[in-house]
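Colleague: Dropping in coords36.pdb, with PDB, C-alpha atoms.
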ATOM      1  CA  MET A   1      45.672 112.264 -28.830
ATOM      2  CA  LYS A   2      46.543 115.159 -26.582
ATOM      3  CA  THR A   3      45.193 118.520 -27.683
ATOM      4  CA  ALA A   4      48.000 120.823 -28.731
ATOM      5  CA  MET A   5      48.542 123.494 -26.121
ATOM      6  CA  PRO A   6      51.198 126.219 -25.837
ATOM      7  CA  LYS A   7      53.867 125.333 -23.314
ATOM      8  CA  LYS A   8      54.129 127.359 -20.131
ATOM      9  CA  THR A   9      57.094 127.857 -17.873
ATOM     10  CA  ALA A  10      57.258 125.308 -15.087
ATOM     11  CA  ALA A  11      56.772 127.996 -12.471
ATOM     12  CA  GLY A  12      53.666 129.217 -14.271
ATOM     13  CA  TRP A  13      51.759 125.938 -14.471
ATOM     14  CA  ILE A  14      52.897 124.766 -11.053
ATOM     15  CA  ALA A  15      51.638 127.983  -9.486
ATOM     16  CA  GLY A  16      48.295 127.527 -11.223
ATOM     17  CA  VAL A  17      47.979 123.900 -10.150
ATOM     18  CA  CYS A  18      48.925 124.768  -6.571
ATOM     19  CA  VAL A  19      46.210 127.408  -6.386
ATOM     20  CA  LEU A  20      43.654 124.829  -7.526
ATOM     21  CA  LEU A  21      44.926 122.149  -5.173
ATOM     22  CA  ALA A  22      44.960 124.461  -2.187
ATOM     23  CA  ALA A  23      41.304 125.271  -2.727
ATOM     24  CA  ALA A  24      40.092 121.804  -3.719
ATOM     25  CA  PRO A  25      38.804 119.358  -1.093
ATOM     26  CA  ALA A  26      40.548 116.250  -2.397
ATOM     27  CA  LEU A  27      44.192 117.185  -2.736
ATOM     28  CA  THR A  28      45.943 119.552  -0.356
ATOM     29  CA  GLY A  29      49.423 120.651   0.607
ATOM     30  CA  CYS A  30      50.769 121.456  -2.863
ATOM     31  CA  SER A  31      54.343 122.674  -2.506
ATOM     32  CA  THR A  32      56.419 125.044  -4.623
ATOM     33  CA  ASP A  33      59.351 125.259  -2.253
ATOM     34  CA  SER A  34      61.901 122.929  -3.389
ATOM     35  CA  ASP A  35      36.107 104.026 -15.595
ATOM     36  CA  SER A  36      38.996 102.573 -13.616
ATOM     37  CA  SER A  37      37.024  99.730 -11.922
ATOM     38  CA  LYS A  38      37.436  97.411 -14.939
ATOM     39  CA  PRO A  39      39.327  94.156 -14.269
ATOM     40  CA  LYS A  40      42.960  93.857 -15.276
ATOM     41  CA  GLY A  41      44.002  92.142 -18.465
ATOM     42  CA  LYS A  42      46.186  89.058 -18.446
ATOM     43  CA  ASP A  43      49.336  91.131 -18.778
ATOM     44  CA  GLY A  44      48.283  93.453 -15.950
ATOM     45  CA  SER A  45      48.589  96.511 -18.174
ATOM     46  CA  ALA A  46      46.426  99.599 -18.075
ATOM     47  CA  SER A  47      44.644  98.455 -21.228
ATOM     48  CA  ALA A  48      42.222  96.987 -18.717
ATOM     49  CA  ALA A  49      43.317  98.779 -15.570
ATOM     50  CA  PRO A  50      46.531 100.479 -14.404
ATOM     51  CA  SER A  51      49.123  98.036 -13.117
ATOM     52  CA  ALA A  52      51.976  98.182 -10.631
ATOM     53  CA  SER A  53      55.486  97.188 -11.606
ATOM     54  CA  THR A  54      57.739  95.324  -9.238
ATOM     55  CA  GLY A  55      60.305  98.127  -9.312
ATOM     56  CA  THR A  56      63.502  98.124  -7.265
ATOM     57  CA  THR A  57      62.312  99.827  -4.104
ATOM     58  CA  ALA A  58      61.387  98.204  -0.824
ATOM     59  CA  GLU A  59      58.349  95.977  -0.669
ATOM     60  CA  PRO A  60      55.311  97.607   0.943
ATOM     61  CA  THR A  61      53.949  96.266   4.160
ATOM     62  CA  PRO A  62      50.680  94.368   3.751
ATOM     63  CA  SER A  63      47.833  96.821   3.360
ATOM     64  CA  PRO A  64      44.529  96.258   5.110
ATOM     65  CA  THR A  65      41.590  95.258   2.998
ATOM     66  CA  GLY A  66      38.146  96.546   3.644
ATOM     67  CA  ARG A  67      34.765  96.864   2.033
ATOM     68  CA  PRO A  68      35.378  98.388  -1.412
ATOM     69  CA  GLY A  69      34.248 101.983  -1.727
ATOM     70  CA  PRO A  70      33.429 103.771  -4.981
ATOM     71  CA  GLY A  71      37.090 104.355  -5.796
ATOM     72  CA  GLY A  72      39.472 102.959  -3.177
ATOM     73  CA  ARG A  73      42.050 100.340  -4.172
ATOM     74  CA  SER A  74      43.660  97.437  -2.345
ATOM     75  CA  THR A  75      47.269  98.629  -2.855
ATOM     76  CA  VAL A  76      49.057 101.952  -3.074
ATOM     77  CA  GLN A  77      50.261 101.042  -6.574
ATOM     78  CA  GLU A  78      46.728 100.445  -7.825
ATOM     79  CA  ALA A  79      45.450 103.707  -6.321
ATOM     80  CA  VAL A  80      48.254 105.846  -7.747
ATOM     81  CA  ALA A  81      48.179 104.136 -11.162
ATOM     82  CA  THR A  82      44.402 104.543 -11.410
ATOM     83  CA  TRP A  83      44.623 108.217 -10.516
ATOM     84  CA  VAL A  84      47.474 108.979 -12.921
ATOM     85  CA  ALA A  85      45.728 107.131 -15.779
ATOM     86  CA  ALA A  86      42.548 109.139 -15.164
ATOM     87  CA  VAL A  87      44.486 112.416 -15.226
ATOM     88  CA  VAL A  88      46.314 111.432 -18.422
ATOM     89  CA  GLN A  89      42.943 110.641 -20.032
ATOM     90  CA  ASP A  90      41.419 113.862 -18.652
ATOM     91  CA  GLN A  91      38.698 111.942 -16.807
ATOM     92  CA  PRO A  92      38.037 114.014 -13.678
ATOM     93  CA  LYS A  93      35.312 111.798 -12.217
ATOM     94  CA  LYS A  94      37.527 108.695 -12.274
ATOM     95  CA  ALA A  95      40.421 110.658 -10.771
ATOM     96  CA  CYS A  96      38.166 112.172  -8.137
ATOM     97  CA  LEU A  97      36.803 108.802  -7.009
ATOM     98  CA  VAL A  98      40.246 107.479  -6.070
ATOM     99  CA  MET A  99      41.122 110.558  -4.015
ATOM    100  CA  ALA A 100      40.541 111.385  -0.375
ATOM    101  CA  THR A 101      41.214 114.338   1.877
ATOM    102  CA  SER A 102      44.176 114.058   4.231
ATOM    103  CA  ALA A 103      43.626 113.923   7.975
ATOM    104  CA  ASP A 104      43.937 117.503   9.242
ATOM    105  CA  GLY A 105      44.048 118.276  12.930
ATOM    106  CA  GLY A 106      40.913 116.830  14.451
ATOM    107  CA  SER A 107      39.343 116.045  11.085
ATOM    108  CA  PRO A 108      39.750 112.447   9.891
ATOM    109  CA  ALA A 109      40.670 111.564   6.320
ATOM    110  CA  LYS A 110      37.618 111.142   4.118
ATOM    111  CA  PRO A 111      37.221 109.611   0.634
ATOM    112  CA  ASN A 112      35.500 111.594  -2.080
ATOM    113  CA  THR A 113      31.959 110.456  -2.738
ATOM    114  CA  ALA A 114      30.373 109.510  -6.043
ATOM    115  CA  ALA A 115      27.816 112.270  -5.517
ATOM    116  CA  MET A 116      30.507 114.917  -5.141
ATOM    117  CA  CYS A 117      32.646 113.639  -8.015
ATOM    118  CA  GLY A 118      29.741 113.379 -10.432
ATOM    119  CA  GLY A 119      27.833 116.452  -9.321
ATOM    120  CA  ASP A 120      27.718 120.029 -10.544
ATOM    121  CA  THR A 121      28.643 121.728  -7.293
ATOM    122  CA  PRO A 122      31.426 124.317  -7.088
ATOM    123  CA  GLN A 123      33.666 121.565  -5.656
ATOM    124  CA  ALA A 124      32.955 119.247  -8.591
ATOM    125  CA  ARG A 125      33.532 122.012 -11.152
ATOM    126  CA  GLN A 126      36.783 122.947  -9.475
ATOM    127  CA  MET A 127      37.880 119.326  -9.493
ATOM    128  CA  LYS A 128      37.267 119.125 -13.245
ATOM    129  CA  GLN A 129      39.370 122.229 -13.787
ATOM    130  CA  GLN A 130      42.101 120.839 -11.569
ATOM    131  CA  VAL A 131      42.326 117.504 -13.397
ATOM    132  CA  HIS A 132      42.212 119.219 -16.805
ATOM    133  CA  ARG A 133      45.097 121.451 -15.735
ATOM    134  CA  LEU A 134      47.131 118.456 -14.575
ATOM    135  CA  HIS A 135      46.265 116.557 -17.766
ATOM    136  CA  ALA A 136      48.142 119.138 -19.833
ATOM    137  CA  SER A 137      51.291 118.398 -17.810
ATOM    138  CA  PHE A 138      50.907 114.647 -17.202
ATOM    139  CA  ALA A 139      49.938 113.451 -20.689
ATOM    140  CA  PRO A 140      52.744 112.304 -23.028
ATOM    141  CA  ASP A 141      52.641 113.032 -26.740
ATOM    142  CA  GLN A 142      50.221 110.655 -28.448
ATOM    143  CA  PRO A 143      49.368 108.595 -25.335
ATOM    144  CA  LYS A 144      47.933 105.118 -25.697
ATOM    145  CA  ASN A 145      44.205 104.774 -25.193
ATOM    146  CA  PRO A 146      44.058 103.788 -22.414
ATOM    147  CA  PRO A 147      47.578 104.636 -21.237
ATOM    148  CA  THR A 148      49.822 101.997 -19.695
ATOM    149  CA  VAL A 149      50.634 103.240 -16.198
ATOM    150  CA  LYS A 150      53.045 101.395 -13.914
ATOM    151  CA  VAL A 151      53.977 102.272 -10.343
ATOM    152  CA  ALA A 152      56.984 100.846  -8.513
ATOM    153  CA  LYS A 153      56.531  99.303  -5.092
ATOM    154  CA  VAL A 154      57.439 101.698  -2.299
ATOM    155  CA  PRO A 155      57.822 101.501   1.475
ATOM    156  CA  VAL A 156      54.659 101.912   3.541
ATOM    157  CA  ALA A 157      54.702 103.480   7.011
ATOM    158  CA  ASP A 158      51.694 104.224   9.223
ATOM    159  CA  GLN A 159      49.420 103.251   6.302
ATOM    160  CA  LYS A 160      50.891 106.033   4.160
ATOM    161  CA  ALA A 161      53.234 106.027   1.171
ATOM    162  CA  THR A 162      54.882 108.512  -1.181
ATOM    163  CA  VAL A 163      55.599 107.723  -4.824
ATOM    164  CA  ASP A 164      58.148 109.850  -6.655
ATOM    165  CA  GLY A 165      57.606 110.972 -10.237
ATOM    166  CA  GLU A 166      60.510 108.764 -11.333
ATOM    167  CA  GLN A 167      58.736 105.711  -9.871
ATOM    168  CA  ILE A 168      55.694 106.204 -12.105
ATOM    169  CA  THR A 169      55.764 105.464 -15.825
ATOM    170  CA  VAL A 170      53.180 106.333 -18.462
ATOM    171  CA  ASP A 171      53.606 104.446 -21.732
ATOM    172  CA  GLY A 172      57.207 103.732 -20.790
ATOM    173  CA  GLN A 173      58.178 107.284 -19.808
ATOM    174  CA  THR A 174      58.594 108.467 -16.229
ATOM    175  CA  LEU A 175      56.005 110.962 -15.044
ATOM    176  CA  LYS A 176      58.805 113.359 -14.137
ATOM    177  CA  ALA A 177      60.162 113.219 -17.695
ATOM    178  CA  ILE A 178      56.695 113.852 -19.119
ATOM    179  CA  VAL A 179      56.124 116.855 -16.861
ATOM    180  CA  LEU A 180      59.538 118.183 -17.877
ATOM    181  CA  SER A 181      58.744 117.737 -21.582
ATOM    182  CA  ASN A 182      55.541 119.729 -21.118
ATOM    183  CA  SER A 183      57.433 122.614 -19.513
ATOM    184  CA  THR A 184      59.992 125.147 -20.636
ATOM    185  CA  GLY A 185      62.714 127.035 -18.851
ATOM    186  CA  VAL A 186      63.493 124.338 -16.279
ATOM    187  CA  LYS A 187      66.175 121.641 -16.023
ATOM    188  CA  GLU A 188      65.594 118.027 -15.078
ATOM    189  CA  ASP A 189      67.249 118.358 -11.680
ATOM    190  CA  GLU A 190      65.122 121.397 -10.866
ATOM    191  CA  ILE A 191      61.748 119.703 -10.938
ATOM    192  CA  GLY A 192      60.151 117.287  -8.498
ATOM    193  CA  VAL A 193      56.881 115.355  -8.624
ATOM    194  CA  ARG A 194      55.447 113.185  -5.863
ATOM    195  CA  VAL A 195      52.095 111.528  -5.266
ATOM    196  CA  GLU A 196      51.072 110.660  -1.729
ATOM    197  CA  ALA A 197      48.539 108.000  -0.792
ATOM    198  CA  ALA A 198      47.037 106.687   2.414
ATOM    199  CA  VAL A 199      44.706 104.016   3.711
ATOM    200  CA  VAL A 200      41.249 105.396   4.470
ATOM    201  CA  GLY A 201      38.576 102.995   5.660
ATOM    202  CA  GLY A 202      40.731 100.004   4.740
ATOM    203  CA  ARG A 203      41.342 101.115   1.141
ATOM    204  CA  TRP A 204      44.117 103.104  -0.562
ATOM    205  CA  TYR A 205      43.437 106.603  -1.910
ATOM    206  CA  VAL A 206      45.547 109.416  -3.345
ATOM    207  CA  THR A 207      45.649 112.163  -0.724
ATOM    208  CA  ASP A 208      48.233 114.677  -1.908
ATOM    209  CA  LEU A 209      50.240 115.896  -4.885
ATOM    210  CA  GLY A 210      53.575 117.650  -4.511
ATOM    211  CA  LEU A 211      55.204 119.687  -7.268
ATOM    212  CA  SER A 212      58.452 121.578  -6.752
ATOM    213  CA  VAL A 213      60.939 123.613  -8.764
ATOM    214  CA  GLY A 214      64.480 124.507  -7.752
TER     215      GLY A 214
END
What's the structure tokens form of this structure?

Modeller:
Amino acid sequence: MKTAMPKKTAAGWIAGVCVLLAAAPALTGCSTDSDSSKPKGKDGSASAAPSASTGTTAEPTPSPTGRPGPGGRSTVQEAVATWVAAVVQDQPKKACLVMATSADGGSPAKPNTAAMCGGDTPQARQMKQQVHRLHASFAPDQPKNPPTVKVAKVPVADQKATVDGEQITVDGQTLKAIVLSNSTGVKEDEIGVRVEAAVVGGRWYVTDLGLSVG
């Protein structure tokens, strides 16, 4: 069960999350301007591992498969669902392992390592704080244990994809609706949530989180 916490205004928690994301190595580009390796159950639900729904959006192009890393997934839906489920459960190491830095200038994209995610370095401590902060906004009231996370299929271009908060459900509620319910002083049409993912080394990782108000 989610720990009771006083609600903050949307602008307040988004500003705090953006500060953390801007400084953290795994998720960058936050905007204010406008153990997950278990096999899936028979029903494909997150009771064993997060699952992807068929959704109504365009089918993704075939994603390349490569040698499995510590956290990469074979599809964008699996990567995003795994990450969201880890945040909802406030499990920073699991969330960290399915994240990668975005390619920036001359620097290639790079997956987080098990050593970094499980260590006690400033980066690892900051990651834990970041995921805990997001957990307060992403977790529905009385979430299932583990939560059932579904991600709609989305178009893939240049081995990258963006999943909107309305295309992700946690225990039957959209992620956008959950974030809205954990905020005050903001209307539904004033808030936006998006999760970006990309192929790194032949596997899918979450590379960016976008939150916007207004």

Colleague: Report as JSON, numbers by chain the residues that result from applying the PyMOL selection byres ((chain A and resi 204) around 8) to the structure here.

Modeller: {"A": [72, 73, 74, 75, 76, 79, 197, 198, 199, 200, 202, 203, 205, 206]}

Colleague: At a cut-off of 10 Å, using all atoms listed in the file, what residues contact Val87 of chain A? Leave out same-chain residues fewer than 3 positions from it and give the result as a list in words.

Modeller: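 Answer for this query is Ala81, Thr82, Trp83, Val84, Asp90, Gln91, Pro92, Lys93, Lys94, Ala95, Cys96, Gln130, Val131, His132, Arg133, Leu134, His135, Ala136, Ser137, Phe138 and Ala139 of chain A.
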
Colleague: How about saving the chosen residues, C-alpha atoms kept, as a compact mmCIF listing (two decimals), in the coordinates of the input?

Modeller:
# COMPACT_ATOMS: atom_id res chain seq x y z
CA ALA A 81 48.18 104.14 -11.16
CA THR A 82 44.40 104.54 -11.41
CA TRP A 83 44.62 108.22 -10.52
CA VAL A 84 47.47 108.98 -12.92
CA ASP A 90 41.42 113.86 -18.65
CA GLN A 91 38.70 111.94 -16.81
CA PRO A 92 38.04 114.01 -13.68
CA LYS A 93 35.31 111.80 -12.22
CA LYS A 94 37.53 108.70 -12.27
CA ALA A 95 40.42 110.66 -10.77
CA CYS A 96 38.17 112.17 -8.14
CA GLN A 130 42.10 120.84 -11.57
CA VAL A 131 42.33 117.50 -13.40
CA HIS A 132 42.21 119.22 -16.80
CA ARG A 133 45.10 121.45 -15.74
CA LEU A 134 47.13 118.46 -14.58
CA HIS A 135 46.26 116.56 -17.77
CA ALA A 136 48.14 119.14 -19.83
CA SER A 137 51.29 118.40 -17.81
CA PHE A 138 50.91 114.65 -17.20
CA ALA A 139 49.94 113.45 -20.69

Colleague: How many Å lie between atom CA of Arg125 of chain A and atom CA of Gly105 of chain A, rounded to one decimal?

Modeller: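 Between atom CA of Arg125 of chain A and atom CA of Gly105 of chain A the gap is 26.5 Å.
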
Colleague: Rounded to one decimal, what separation in Å do you get between atom CA of Val193 of chain A and atom CA of Asp208 of chain A?

Modeller: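 About the pair atom CA of Val193 of chain A and atom CA of Asp208 of chain A: they are 11.0 Å apart.
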
Colleague: Which distance in Å separates atom CA of Val163 of chain A and atom CA of Leu97 of chain A, to one decimal?

Modeller: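 Result for atom CA of Val163 of chain A versus atom CA of Leu97 of chain A: 19.0 Å, one decimal.
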
Colleague: Pick out the closest residue to Ile178 of chain A from this set: A:Ala114, A:Pro140, A:Thr207, A:Gly165. Count all atoms listed in the file.

Modeller: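 Ranking A:Ala114, A:Pro140, A:Thr207, A:Gly165 by distance to Ile178 of chain A, first place goes to A:Pro140.
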
Colleague: Going by the chain IDs and residue numbers used in this file, which residues fall under the PyMOL selection byres ((chain A and resi 147) around 7)? Write them as an mmCIF file with C-alpha atoms, keeping the file's coordinate frame.

Modeller:
data_model
loop_
_atom_site.group_PDB
_atom_site.id
_atom_site.type_symbol
_atom_site.label_atom_id
_atom_site.label_comp_id
_atom_site.auth_asym_id
_atom_site.auth_seq_id
_atom_site.Cartn_x
_atom_site.Cartn_y
_atom_site.Cartn_z
ATOM 1 C CA ALA A 46 46.426 99.599 -18.075
ATOM 2 C CA SER A 47 44.644 98.455 -21.228
ATOM 3 C CA ALA A 85 45.728 107.131 -15.779
ATOM 4 C CA PRO A 143 49.368 108.595 -25.335
ATOM 5 C CA LYS A 144 47.933 105.118 -25.697
ATOM 6 C CA ASN A 145 44.205 104.774 -25.193
ATOM 7 C CA PRO A 146 44.058 103.788 -22.414
ATOM 8 C CA THR A 148 49.822 101.997 -19.695
ATOM 9 C CA VAL A 149 50.634 103.240 -16.198
ATOM 10 C CA VAL A 170 53.180 106.333 -18.462
ATOM 11 C CA ASP A 171 53.606 104.446 -21.732
#

Colleague: Taking only C-alpha atoms into account, name the residue in A:Val151, A:Met99, A:Asp189, A:Leu209 that is nearest to Pro111 of chain A.

Modeller: A:Met99

Colleague: Name the closest residue to Lys153 of chain A among the candidates A:Asp141, A:Gln123, A:Glu196, A:Gln167; distances are taken between atoms, counting only C-alpha atoms.

Modeller: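 Of the candidates, the smallest distance to Lys153 of chain A is held by A:Gln167.
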
Colleague: Around all listed atoms of segment 202-208 of chain A, padded 5 Å per side, what centre and edge lengths does the axis-aligned box have in Å to one decimal, as lines of an AutoDock Vina configuration file?

Modeller:
center_x = 44.5
center_y = 107.3
center_z = 0.7
size_x = 17.5
size_y = 24.7
size_z = 18.1

Colleague: Ranking A:Gly71, A:Ala100, A:Thr113, A:Val195 by minimum distance to Ala161 of chain A and counting all atoms listed in the file, which one comes first?

Modeller: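 Nearest to Ala161 of chain A: A:Val195.
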